[in-house]
Amino acid sequence: ATTATTAIAENHFRNSFTGDRKRVIRMKFICALFYIKNTYRREGSTILLASYSEYLRVRDSRLRQAAAANNAADADVDANTKKKDGGYEIHLESNYPKWKSDVAIFKKALRQLPSSESWHAIEWIGSTAIPKLVAKPVIDLMITLPESINVKEATALVAREASDPQWIHDTEEYTNGFQVPIGFLGEFNGQDWGFLQFPAYAAEMANLTECNLHFFHRSDSNATSKIIMRNYLLSSDGVTLKNEYASVKKNLEVDFREGRLSAKDYNKGKNGVIQDIMRESHQWQLDKDKGIVENVDCCSGGGCGSWLKKKL
């Protein structure tokens with residue numbers, strides 16, 4: 001049954017990208033997903049796995065094996081990691097102008113989806129949203145939803161809408177092929193979490209940056225914490241911790257490159273400074289909520305799509 005499912009999926013992707021041999025080859029390794037006996041769901045051209053752990057297992061094993069089988073010399077499975085002694089190479093960049101430009105493209109395309117009218121906001125989160133902070137070249141966008149909308153069904157709906165030939169045609173000119181072939185429907189901290197990915201191999205062909213789409217309810221702590229941390233690091237009050245965070249990342253990258261750190265310990269190495277940022281940013285927000293405030297654009301041009309409170 002698994003083999004049959006694989007063949008069906010491979011034909012599906014091949015038909016989706018007829019006439020573009022390179023794209024067909026890139027998409028073939030997605031079909032390796034089905035060699036793993038797991039629960040999945042297909043929405044349009046997107047494969048939705050049942051959990052974050054399944055997604056990680058697929059990403060870290062099967063996708064690399066499939067890419068190597070297709071063309072080890074040319075396959076770029078993950079732009080921010082490279083295989084090294086059975087692990088992955090940590091690769092950090094500082095390319096905020098490019099990332100900001102790509103975020104504008106992604107937002108323009110996403111806002112052409114019919115379901116976007118029901119969203120609360122599209123937030124640019126994570127390290128790429130912070131100027132002068134080194135990051136893995138992966139943009140994180142978060143779509144926040146009203147509590148009345150089911151997060152997992154909203155994620156599946158976006159997957160279907162992004163497979164619609166009319167939407168693809170309407171956005172092709174400026175996205176050069178934005179697609180979300182893989183994702184998952186899971187939970188984090190007991191709250192629903194939807195996830196779709198514009199993966200590195202597709203981003204490379206479109207001359208864009210890899211992009212993750214996260215879906216949360218607007219009032220969930222998962223969503224509000226990410227926004228508060230971003231806003232704090234964008235503020236003058238967060239400069240010291242932003243610089244410390246950058247230093248920690250760079251040191252970890254060097255430790256990995258010189259063999260003193262395994263890739264799986266990279267995120268563990270950041271835990272201390274991240275906890276400091278979380279604590280300070282939430283206190284910062286509480287202090288601002290108590291004071292006289294004014295609204296200023298937190299991203300110098302609307303890159304994040306939300307507003308930051310600034311004490312007078």
# chains A, B, ... in the order shown; residues from 1 in each chain; ligands from 1
$ select_by_dssp --residues "segment 142-279 of chain A" --states "alpha helix (DSSP H)" --output "MDAnalysis selection string"
chainID A and resid 151:161 165:175 200:206 221:234 239:257 266:279
$ residues_around --residues "Leu233 of chain A" --least-positions-apart "2" --cutoff "12 Å" --atoms "only C-alpha atoms" --output "MDAnalysis selection string"
chainID A and resid 125:133 226:231 235:246 274 276:278 280:282 284:285 298:299 308
$ write_last_selection --atoms "N, CA, C and O atoms" --output "compact mmCIF listing (two decimals), in the first residue's frame"
# COMPACT_ATOMS: atom_id res chain seq x y z
N ILE A 125 7.87 37.08 12.06
CA ILE A 125 8.42 36.78 13.37
C ILE A 125 9.80 36.12 13.21
O ILE A 125 10.25 35.86 12.10
N GLY A 126 10.43 35.85 14.32
CA GLY A 126 11.71 35.15 14.29
C GLY A 126 12.89 36.07 14.01
O GLY A 126 12.74 37.28 13.82
N SER A 127 14.06 35.48 13.95
CA SER A 127 15.30 36.26 13.86
C SER A 127 15.43 37.04 12.56
O SER A 127 16.05 38.11 12.53
N THR A 128 14.86 36.54 11.45
CA THR A 128 15.00 37.27 10.19
C THR A 128 14.27 38.60 10.22
O THR A 128 14.54 39.48 9.40
N ALA A 129 13.34 38.78 11.16
CA ALA A 129 12.58 40.03 11.26
C ALA A 129 13.34 41.11 12.00
O ALA A 129 12.86 42.24 12.10
N ILE A 130 14.53 40.79 12.51
CA ILE A 130 15.29 41.72 13.33
C ILE A 130 16.52 42.18 12.57
O ILE A 130 17.44 41.38 12.32
N PRO A 131 16.60 43.45 12.17
CA PRO A 131 17.79 43.93 11.45
C PRO A 131 19.06 43.71 12.28
O PRO A 131 19.06 43.85 13.50
N LYS A 132 20.13 43.34 11.59
CA LYS A 132 21.46 43.15 12.19
C LYS A 132 21.55 41.94 13.12
O LYS A 132 22.54 41.79 13.84
N LEU A 133 20.56 41.06 13.11
CA LEU A 133 20.62 39.83 13.88
C LEU A 133 20.85 38.67 12.92
O LEU A 133 20.05 38.46 12.00
N LYS A 226 5.54 35.31 20.63
CA LYS A 226 6.42 35.56 19.48
C LYS A 226 6.40 37.03 19.08
O LYS A 226 7.42 37.60 18.70
N ILE A 227 5.23 37.64 19.14
CA ILE A 227 5.11 39.05 18.76
C ILE A 227 5.81 39.94 19.79
O ILE A 227 6.53 40.88 19.44
N ILE A 228 5.61 39.64 21.07
CA ILE A 228 6.24 40.44 22.13
C ILE A 228 7.76 40.34 22.05
O ILE A 228 8.47 41.35 22.15
N MET A 229 8.29 39.14 21.84
CA MET A 229 9.74 38.96 21.74
C MET A 229 10.30 39.72 20.55
O MET A 229 11.32 40.40 20.65
N ARG A 230 9.60 39.66 19.41
CA ARG A 230 10.05 40.38 18.23
C ARG A 230 10.05 41.89 18.47
O ARG A 230 11.02 42.58 18.18
N ASN A 231 8.95 42.39 19.03
CA ASN A 231 8.85 43.82 19.26
C ASN A 231 9.91 44.31 20.24
O ASN A 231 10.47 45.40 20.08
N SER A 235 13.10 47.04 19.63
CA SER A 235 13.11 48.29 20.38
C SER A 235 14.52 48.62 20.88
O SER A 235 15.41 47.76 20.93
N SER A 236 14.71 49.87 21.30
CA SER A 236 16.00 50.27 21.86
C SER A 236 16.27 49.56 23.18
O SER A 236 17.42 49.32 23.55
N ASP A 237 15.20 49.18 23.89
CA ASP A 237 15.37 48.48 25.15
C ASP A 237 15.92 47.06 24.97
O ASP A 237 16.49 46.50 25.89
N GLY A 238 15.75 46.51 23.79
CA GLY A 238 16.19 45.14 23.55
C GLY A 238 17.55 44.99 22.89
O GLY A 238 17.97 43.88 22.58
N VAL A 239 18.24 46.11 22.70
CA VAL A 239 19.52 46.07 21.95
C VAL A 239 20.54 45.18 22.63
O VAL A 239 21.23 44.39 21.97
N THR A 240 20.68 45.29 23.95
CA THR A 240 21.71 44.52 24.66
C THR A 240 21.49 43.02 24.49
O THR A 240 22.42 42.27 24.15
N LEU A 241 20.25 42.57 24.68
CA LEU A 241 19.98 41.14 24.54
C LEU A 241 20.03 40.71 23.07
O LEU A 241 20.40 39.57 22.77
N LYS A 242 19.66 41.60 22.17
CA LYS A 242 19.79 41.27 20.75
C LYS A 242 21.25 41.00 20.40
O LYS A 242 21.57 40.02 19.71
N ASN A 243 22.14 41.86 20.88
CA ASN A 243 23.56 41.68 20.60
C ASN A 243 24.10 40.41 21.26
O ASN A 243 24.94 39.71 20.69
N GLU A 244 23.62 40.14 22.47
CA GLU A 244 24.05 38.92 23.16
C GLU A 244 23.57 37.68 22.39
O GLU A 244 24.31 36.70 22.25
N TYR A 245 22.34 37.73 21.91
CA TYR A 245 21.78 36.62 21.14
C TYR A 245 22.59 36.38 19.88
O TYR A 245 22.92 35.24 19.53
N ALA A 246 22.95 37.46 19.18
CA ALA A 246 23.76 37.34 17.97
C ALA A 246 25.11 36.71 18.29
O ALA A 246 25.61 35.84 17.55
N ILE A 274 17.60 32.74 25.05
CA ILE A 274 16.20 32.84 24.64
C ILE A 274 15.30 32.99 25.88
O ILE A 274 14.34 33.77 25.87
N ASP A 276 16.17 34.34 28.65
CA ASP A 276 16.38 35.71 29.11
C ASP A 276 15.54 36.69 28.30
O ASP A 276 14.93 37.62 28.85
N ILE A 277 15.52 36.50 26.97
CA ILE A 277 14.74 37.38 26.10
C ILE A 277 13.25 37.27 26.42
O ILE A 277 12.53 38.28 26.48
N MET A 278 12.77 36.04 26.60
CA MET A 278 11.36 35.85 26.92
C MET A 278 10.99 36.56 28.22
O MET A 278 9.97 37.26 28.30
N GLU A 280 12.56 39.08 29.84
CA GLU A 280 12.70 40.53 29.76
C GLU A 280 11.65 41.15 28.84
O GLU A 280 11.13 42.24 29.12
N SER A 281 11.33 40.47 27.74
CA SER A 281 10.36 41.03 26.80
C SER A 281 8.96 41.07 27.39
O SER A 281 8.21 42.04 27.18
N HIS A 282 8.60 40.05 28.16
CA HIS A 282 7.26 40.06 28.76
C HIS A 282 7.17 41.11 29.87
O HIS A 282 6.12 41.76 30.02
N TRP A 284 8.90 43.85 29.85
CA TRP A 284 8.91 45.09 29.06
C TRP A 284 7.51 45.43 28.58
O TRP A 284 7.06 46.58 28.65
N GLN A 285 6.79 44.42 28.10
CA GLN A 285 5.43 44.66 27.61
C GLN A 285 4.50 45.05 28.75
O GLN A 285 3.65 45.95 28.60
N CYS A 298 6.59 49.32 14.09
CA CYS A 298 7.70 48.60 14.70
C CYS A 298 8.68 48.09 13.67
O CYS A 298 9.74 47.57 14.04
N CYS A 299 8.37 48.19 12.40
CA CYS A 299 9.25 47.57 11.41
C CYS A 299 9.72 48.53 10.33
O CYS A 299 10.14 48.11 9.26
N LEU A 308 3.83 48.59 17.50
CA LEU A 308 4.59 48.50 18.72
C LEU A 308 4.24 49.67 19.63
O LEU A 308 4.22 50.81 19.19
$ residues_around --residues "Ile139 of chain A" --least-positions-apart "6" --cutoff "10 Å" --atoms "only C-alpha atoms" --output "list in words"
Trp99, Lys100, Asp102, Val103, Phe106, Trp124, Ile125, Gly126, Ser127, Thr128, Ala129, Phe198, Thr209, Glu210, Cys211, Asn212 and Leu213 of chain A
$ select_by_dssp --residues "segment 132-290 of chain A" --states "strand (DSSP E or B)" --output "PyMOL selection string"
chain A and resi 135+138-145+182-188+191-198+210-217
$ closest_residue --among "A:Leu110, A:Leu261, A:Ala200, A:Ala206" --to "Ile90 of chain A" --atoms "only C-alpha atoms"
A:Leu261
$ residues_around --residues "Gln191 of chain A" --least-positions-apart "4" --cutoff "10 Å" --atoms "only C-alpha atoms" --output "list in words"
Val151, Gly186, Glu187, Phe216, His217, Asp220, Ser221 and Asn222 of chain A
$ closest_residue --among "A:Arg218, A:Arg260, A:Arg160, A:Lys108" --to "Ile143 of chain A" --atoms "only C-alpha atoms"
A:Arg218
$ atom_distance --atom1 "atom CA of Asp164 of chain A" --atom2 "atom CA of Glu54 of chain A"
26.4 Å
$ atom_distance --atom1 "atom CA of Asp192 of chain A" --atom2 "atom CA of Lys152 of chain A"
7.0 Å
$ residues_around --residues "Pro199 of chain A" --least-positions-apart "3" --cutoff "10 Å" --atoms "only C-alpha atoms" --output "VMD selection string"
chain A and resid 77 to 79 138 178 to 182 196 202 to 204 209 to 212
$ write_last_selection --atoms "N, CA and C atoms" --output "PDB file, in the first residue's frame"
ATOM      1  N   VAL A  77      18.719  20.401  -0.590  1.00  0.00           N
ATOM      2  CA  VAL A  77      17.517  20.077   0.153  1.00  0.00           C
ATOM      3  C   VAL A  77      17.177  21.150   1.164  1.00  0.00           C
ATOM      4  N   ASP A  78      18.195  21.699   1.814  1.00  0.00           N
ATOM      5  CA  ASP A  78      17.930  22.652   2.872  1.00  0.00           C
ATOM      6  C   ASP A  78      18.979  23.743   2.813  1.00  0.00           C
ATOM      7  N   ALA A  79      18.550  24.954   2.493  1.00  0.00           N
ATOM      8  CA  ALA A  79      19.501  26.036   2.270  1.00  0.00           C
ATOM      9  C   ALA A  79      20.279  26.406   3.519  1.00  0.00           C
ATOM     10  N   VAL A 138      15.794  31.428   6.774  1.00  0.00           N
ATOM     11  CA  VAL A 138      14.441  30.873   6.690  1.00  0.00           C
ATOM     12  C   VAL A 138      13.496  31.902   7.297  1.00  0.00           C
ATOM     13  N   PHE A 178       5.616  30.389  -6.029  1.00  0.00           N
ATOM     14  CA  PHE A 178       5.403  30.160  -4.596  1.00  0.00           C
ATOM     15  C   PHE A 178       4.521  28.936  -4.416  1.00  0.00           C
ATOM     16  N   GLN A 179       4.938  28.022  -3.555  1.00  0.00           N
ATOM     17  CA  GLN A 179       4.202  26.779  -3.347  1.00  0.00           C
ATOM     18  C   GLN A 179       4.417  26.298  -1.917  1.00  0.00           C
ATOM     19  N   VAL A 180       3.495  25.480  -1.416  1.00  0.00           N
ATOM     20  CA  VAL A 180       3.606  24.925  -0.060  1.00  0.00           C
ATOM     21  C   VAL A 180       3.363  23.419  -0.129  1.00  0.00           C
ATOM     22  N   PRO A 181       4.339  22.656  -0.604  1.00  0.00           N
ATOM     23  CA  PRO A 181       4.125  21.226  -0.829  1.00  0.00           C
ATOM     24  C   PRO A 181       4.087  20.370   0.417  1.00  0.00           C
ATOM     25  N   ILE A 182       4.490  20.903   1.572  1.00  0.00           N
ATOM     26  CA  ILE A 182       4.542  20.088   2.782  1.00  0.00           C
ATOM     27  C   ILE A 182       4.146  20.927   3.985  1.00  0.00           C
ATOM     28  N   LEU A 196       2.816  25.319   7.200  1.00  0.00           N
ATOM     29  CA  LEU A 196       3.041  25.047   5.789  1.00  0.00           C
ATOM     30  C   LEU A 196       4.427  25.575   5.432  1.00  0.00           C
ATOM     31  N   ALA A 202      12.460  24.816  -3.644  1.00  0.00           N
ATOM     32  CA  ALA A 202      11.523  25.624  -4.422  1.00  0.00           C
ATOM     33  C   ALA A 202      11.895  27.099  -4.347  1.00  0.00           C
ATOM     34  N   ALA A 203      12.328  27.543  -3.171  1.00  0.00           N
ATOM     35  CA  ALA A 203      12.738  28.932  -3.009  1.00  0.00           C
ATOM     36  C   ALA A 203      13.932  29.254  -3.887  1.00  0.00           C
ATOM     37  N   GLU A 204      14.861  28.319  -3.979  1.00  0.00           N
ATOM     38  CA  GLU A 204      16.046  28.528  -4.817  1.00  0.00           C
ATOM     39  C   GLU A 204      15.648  28.747  -6.270  1.00  0.00           C
ATOM     40  N   THR A 209      13.540  33.388  -0.591  1.00  0.00           N
ATOM     41  CA  THR A 209      14.029  32.775   0.646  1.00  0.00           C
ATOM     42  C   THR A 209      13.046  31.713   1.115  1.00  0.00           C
ATOM     43  N   GLU A 210      13.572  30.632   1.630  1.00  0.00           N
ATOM     44  CA  GLU A 210      12.713  29.609   2.232  1.00  0.00           C
ATOM     45  C   GLU A 210      11.785  30.267   3.247  1.00  0.00           C
ATOM     46  N   CYS A 211      10.546  29.764   3.325  1.00  0.00           N
ATOM     47  CA  CYS A 211       9.558  30.414   4.186  1.00  0.00           C
ATOM     48  C   CYS A 211       8.682  29.391   4.894  1.00  0.00           C
ATOM     49  N   ASN A 212       8.513  29.576   6.198  1.00  0.00           N
ATOM     50  CA  ASN A 212       7.592  28.776   6.994  1.00  0.00           C
ATOM     51  C   ASN A 212       6.369  29.609   7.339  1.00  0.00           C
TER      52      ASN A 212
END
$ atom_distance --atom1 "atom CA of Arg41 of chain A" --atom2 "atom CA of Thr144 of chain A"
22.4 Å
$ decode --residues "segment 272-295 of chain A" --atoms "N, CA and C atoms" --output "short mmCIF file (atom, residue, chain, number, x, y, z; two decimals), in the first residue's frame"
data_model
loop_
_atom_site.label_atom_id
_atom_site.label_comp_id
_atom_site.auth_asym_id
_atom_site.auth_seq_id
_atom_site.Cartn_x
_atom_site.Cartn_y
_atom_site.Cartn_z
N GLY A 272 19.48 29.37 26.92
CA GLY A 272 19.68 30.32 28.01
C GLY A 272 19.34 31.74 27.63
N VAL A 273 19.89 32.21 26.51
CA VAL A 273 19.65 33.59 26.09
C VAL A 273 18.20 33.76 25.63
N ILE A 274 17.60 32.74 25.05
CA ILE A 274 16.20 32.84 24.64
C ILE A 274 15.30 32.99 25.88
N GLN A 275 15.60 32.24 26.92
CA GLN A 275 14.82 32.38 28.16
C GLN A 275 14.97 33.79 28.73
N ASP A 276 16.17 34.34 28.65
CA ASP A 276 16.38 35.71 29.11
C ASP A 276 15.54 36.69 28.30
N ILE A 277 15.52 36.50 26.97
CA ILE A 277 14.74 37.38 26.10
C ILE A 277 13.25 37.27 26.42
N MET A 278 12.77 36.04 26.60
CA MET A 278 11.36 35.85 26.92
C MET A 278 10.99 36.56 28.22
N ARG A 279 11.81 36.40 29.24
CA ARG A 279 11.51 37.01 30.53
C ARG A 279 11.53 38.54 30.44
N GLU A 280 12.56 39.08 29.84
CA GLU A 280 12.70 40.53 29.76
C GLU A 280 11.65 41.15 28.84
N SER A 281 11.33 40.47 27.74
CA SER A 281 10.36 41.03 26.80
C SER A 281 8.96 41.07 27.39
N HIS A 282 8.60 40.05 28.16
CA HIS A 282 7.26 40.06 28.76
C HIS A 282 7.17 41.11 29.87
N GLN A 283 8.23 41.30 30.62
CA GLN A 283 8.22 42.36 31.62
C GLN A 283 8.17 43.72 30.95
N TRP A 284 8.90 43.85 29.85
CA TRP A 284 8.91 45.09 29.06
C TRP A 284 7.51 45.43 28.58
N GLN A 285 6.79 44.42 28.10
CA GLN A 285 5.43 44.66 27.61
C GLN A 285 4.50 45.05 28.75
N LEU A 286 4.65 44.37 29.91
CA LEU A 286 3.83 44.73 31.06
C LEU A 286 4.07 46.17 31.48
N ASP A 287 5.34 46.58 31.49
CA ASP A 287 5.68 47.95 31.87
C ASP A 287 5.09 48.96 30.88
N LYS A 288 5.12 48.64 29.61
CA LYS A 288 4.58 49.55 28.59
C LYS A 288 3.07 49.66 28.70
N ASP A 289 2.42 48.57 29.05
CA ASP A 289 0.96 48.58 29.16
C ASP A 289 0.50 49.45 30.33
N LYS A 290 1.39 49.68 31.26
CA LYS A 290 1.02 50.50 32.42
C LYS A 290 1.24 51.99 32.18
N GLY A 291 2.01 52.34 31.14
CA GLY A 291 2.39 53.73 30.93
C GLY A 291 1.55 54.43 29.88
N ILE A 292 1.86 55.70 29.67
CA ILE A 292 1.26 56.47 28.58
C ILE A 292 1.98 56.05 27.31
N VAL A 293 1.24 55.72 26.28
CA VAL A 293 1.87 55.14 25.10
C VAL A 293 1.45 55.87 23.84
N GLU A 294 2.25 55.68 22.82
CA GLU A 294 1.88 56.11 21.48
C GLU A 294 2.21 54.97 20.54
N ASN A 295 1.61 54.93 19.38
CA ASN A 295 1.84 53.87 18.42
C ASN A 295 2.85 54.30 17.37
#
